[in-house]
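First the structure, in the form of structure tokens, and then the observations on it.
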Amino acid sequence: MTTVLIVLGGGLGAVLRYVADGALRGRLSVWATAAINVSGSFVLGVLAGAVAGGGLGGTALAVLGTGVCGGYTTFSTATIETLTLLRDKRYRDGVVYGLSTLVASVVAVWSGYALGAL
């Protein structure tokens, strides 16, 4: 049953990502993907922190974290957007985008974890 719920959560996360991307892309360009990945990392951190703090079970983390957050976030799109910037000889933009997305996502998951563990 957990596997089915993860699949359904992944579908929900993918739809949420599609909607968020549509809402953000016009204003943020490639940074829409970064915003989605950072927000998803924060939510995943909150969930993992809640599990560590005893407020959430492992099955919920699997469904919400692996399923919903996994379907919502997309590292592969961020990497292709970084590659596209580099390929277009926008080297500074590519390096800034790639590194800032990674650093911001790690800070977000760490912050979320701290919050979730309270």
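In the structure tokens, the first chain shown is A, the next is B, and so on; residue numbers restart at 1 for each chain, and ligands run from 1 in the order shown.
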
**Request:** With a distance cut-off of 9 Å and only C-alpha atoms, select the neighbouring residues of Val51 (chain A), excluding the residue or stretch itself and same-chain residues fewer than 3 positions from it, and output the selection as a VMD selection string.
**Result:** chain A and resid 46 to 48 54 to 58 60 to 61 116 to 117

What would the file look like if the residues just selected were written as a PDB file, in the first residue's frame with all heavy atoms?
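Output contents, as saved in selection-v8.pdb:
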```pdb
ATOM      1  N   VAL A  46      11.598  19.805   6.559  1.00  0.00           N
ATOM      2  CA  VAL A  46      10.596  19.831   7.629  1.00  0.00           C
ATOM      3  C   VAL A  46      10.092  18.417   7.915  1.00  0.00           C
ATOM      4  O   VAL A  46       9.991  17.994   9.074  1.00  0.00           O
ATOM      5  CB  VAL A  46       9.414  20.765   7.281  1.00  0.00           C
ATOM      6  CG1 VAL A  46       8.270  20.605   8.271  1.00  0.00           C
ATOM      7  CG2 VAL A  46       9.872  22.220   7.237  1.00  0.00           C
ATOM      8  N   LEU A  47       9.793  17.670   6.871  1.00  0.00           N
ATOM      9  CA  LEU A  47       9.299  16.297   7.036  1.00  0.00           C
ATOM     10  C   LEU A  47      10.334  15.404   7.714  1.00  0.00           C
ATOM     11  O   LEU A  47      10.013  14.666   8.649  1.00  0.00           O
ATOM     12  CB  LEU A  47       8.902  15.712   5.683  1.00  0.00           C
ATOM     13  CG  LEU A  47       7.731  16.378   4.973  1.00  0.00           C
ATOM     14  CD1 LEU A  47       7.615  15.860   3.539  1.00  0.00           C
ATOM     15  CD2 LEU A  47       6.436  16.157   5.743  1.00  0.00           C
ATOM     16  N   ALA A  48      11.582  15.482   7.254  1.00  0.00           N
ATOM     17  CA  ALA A  48      12.644  14.665   7.844  1.00  0.00           C
ATOM     18  C   ALA A  48      12.892  15.058   9.297  1.00  0.00           C
ATOM     19  O   ALA A  48      13.104  14.196  10.152  1.00  0.00           O
ATOM     20  CB  ALA A  48      13.926  14.797   7.023  1.00  0.00           C
ATOM     21  N   GLY A  54      10.172  12.689  16.152  1.00  0.00           N
ATOM     22  CA  GLY A  54       9.119  11.783  16.598  1.00  0.00           C
ATOM     23  C   GLY A  54       7.716  12.239  16.277  1.00  0.00           C
ATOM     24  O   GLY A  54       6.748  11.603  16.678  1.00  0.00           O
ATOM     25  N   GLY A  55       7.558  13.328  15.528  1.00  0.00           N
ATOM     26  CA  GLY A  55       6.227  13.840  15.226  1.00  0.00           C
ATOM     27  C   GLY A  55       5.618  13.292  13.949  1.00  0.00           C
ATOM     28  O   GLY A  55       4.471  13.599  13.632  1.00  0.00           O
ATOM     29  N   LEU A  56       6.379  12.500  13.214  1.00  0.00           N
ATOM     30  CA  LEU A  56       5.894  11.973  11.935  1.00  0.00           C
ATOM     31  C   LEU A  56       6.520  10.601  11.728  1.00  0.00           C
ATOM     32  O   LEU A  56       7.688  10.395  12.065  1.00  0.00           O
ATOM     33  CB  LEU A  56       6.298  12.926  10.803  1.00  0.00           C
ATOM     34  CG  LEU A  56       5.693  12.715   9.425  1.00  0.00           C
ATOM     35  CD1 LEU A  56       4.179  12.972   9.450  1.00  0.00           C
ATOM     36  CD2 LEU A  56       6.346  13.653   8.423  1.00  0.00           C
ATOM     37  N   GLY A  57       5.761   9.690  11.181  1.00  0.00           N
ATOM     38  CA  GLY A  57       6.254   8.343  10.953  1.00  0.00           C
ATOM     39  C   GLY A  57       6.994   8.196   9.636  1.00  0.00           C
ATOM     40  O   GLY A  57       6.890   9.036   8.737  1.00  0.00           O
ATOM     41  N   GLY A  58       7.743   7.127   9.526  1.00  0.00           N
ATOM     42  CA  GLY A  58       8.532   6.855   8.338  1.00  0.00           C
ATOM     43  C   GLY A  58       7.702   6.657   7.081  1.00  0.00           C
ATOM     44  O   GLY A  58       8.126   7.029   5.981  1.00  0.00           O
ATOM     45  N   ALA A  60       4.853   8.163   6.396  1.00  0.00           N
ATOM     46  CA  ALA A  60       4.453   9.503   5.955  1.00  0.00           C
ATOM     47  C   ALA A  60       5.605  10.191   5.244  1.00  0.00           C
ATOM     48  O   ALA A  60       5.406  10.860   4.219  1.00  0.00           O
ATOM     49  CB  ALA A  60       3.985  10.336   7.147  1.00  0.00           C
ATOM     50  N   LEU A  61       6.824  10.015   5.752  1.00  0.00           N
ATOM     51  CA  LEU A  61       7.990  10.596   5.086  1.00  0.00           C
ATOM     52  C   LEU A  61       8.165   9.993   3.701  1.00  0.00           C
ATOM     53  O   LEU A  61       8.454  10.708   2.745  1.00  0.00           O
ATOM     54  CB  LEU A  61       9.257  10.386   5.917  1.00  0.00           C
ATOM     55  CG  LEU A  61      10.553  10.907   5.293  1.00  0.00           C
ATOM     56  CD1 LEU A  61      10.488  12.426   5.102  1.00  0.00           C
ATOM     57  CD2 LEU A  61      11.755  10.525   6.149  1.00  0.00           C
ATOM     58  N   GLY A 116      11.364  21.347  11.577  1.00  0.00           N
ATOM     59  CA  GLY A 116      10.561  20.138  11.738  1.00  0.00           C
ATOM     60  C   GLY A 116      10.894  19.354  12.987  1.00  0.00           C
ATOM     61  O   GLY A 116      10.052  18.633  13.535  1.00  0.00           O
ATOM     62  N   ALA A 117      12.136  19.437  13.444  1.00  0.00           N
ATOM     63  CA  ALA A 117      12.571  18.688  14.623  1.00  0.00           C
ATOM     64  C   ALA A 117      12.113  19.328  15.936  1.00  0.00           C
ATOM     65  O   ALA A 117      12.257  18.718  16.991  1.00  0.00           O
ATOM     66  CB  ALA A 117      14.088  18.542  14.610  1.00  0.00           C
TER      67      ALA A 117
END
```

**Message:** Using only C-alpha atoms, which protein or nucleic acid residues come within 12 Å of Val38 (chain A)? Drop anything in the same chain fewer than 2 positions from it, and give the result as an MDAnalysis selection string.
**Reply:** chainID A and resid 31:36 40:45 69 72:75 78 100:112

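Taking only C-alpha atoms, the non-local environment of region 80-85 of chain A within 9 Å (same-chain residues fewer than 6 positions away omitted) comprises Val30, Thr33, Tyr91, Arg92, Asp93, Gly94, Val95, Val96, Tyr97 and Gly98 of chain A.
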
Based on the selection just made, write C-alpha atoms of those residues as an mmCIF file, in the first residue's frame.
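Result file is again.cif:
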```cif
data_model
loop_
_atom_site.group_PDB
_atom_site.id
_atom_site.type_symbol
_atom_site.label_atom_id
_atom_site.label_comp_id
_atom_site.auth_asym_id
_atom_site.auth_seq_id
_atom_site.Cartn_x
_atom_site.Cartn_y
_atom_site.Cartn_z
ATOM 1 C CA VAL A 30 15.129 29.630 -15.269
ATOM 2 C CA THR A 33 13.085 25.749 -11.305
ATOM 3 C CA TYR A 91 29.383 31.187 -18.151
ATOM 4 C CA ARG A 92 28.890 33.504 -15.197
ATOM 5 C CA ASP A 93 25.120 32.986 -15.273
ATOM 6 C CA GLY A 94 25.549 29.217 -15.522
ATOM 7 C CA VAL A 95 27.963 28.989 -12.611
ATOM 8 C CA VAL A 96 25.906 31.367 -10.451
ATOM 9 C CA TYR A 97 22.684 29.502 -11.255
ATOM 10 C CA GLY A 98 24.106 26.030 -10.666
#
```

**Prompt:** Val63 (chain A): which residues within 6 Å, counting only C-alpha atoms, same-chain residues fewer than 3 positions away excluded, as a list of chain:residue names?
**Reply:** A:Leu5, A:Ile6, A:Ala60, A:Thr66, A:Gly67

Grab the residues selected above and save them as a PDB file, in the first residue's frame with C-alpha atoms.
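As written to disk, out.pdb reads:
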```
ATOM      1  CA  LEU A   5       0.656   5.983  -2.020  1.00  0.00           C
ATOM      2  CA  ILE A   6       4.188   6.992  -3.094  1.00  0.00           C
ATOM      3  CA  ALA A  60       4.453   9.503   5.955  1.00  0.00           C
ATOM      4  CA  THR A  66       9.772  10.543  -1.713  1.00  0.00           C
ATOM      5  CA  GLY A  67       6.402  10.798  -3.437  1.00  0.00           C
TER       6      GLY A  67
END
```

**Prompt:** Please, which residues of chain A, numbered as in this document, come out alpha helix (DSSP H) from DSSP, as a VMD selection string?
**Reply:** chain A and resid 2 to 28 31 to 52 58 to 60 70 to 72 75 to 87 91 to 116

**Item:** Selected residue of minimal separation from Leu99 (chain A) among A:Thr79, A:Ala23, A:Gly70, A:Gly11, counting only C-alpha atoms
**Value:** A:Thr79
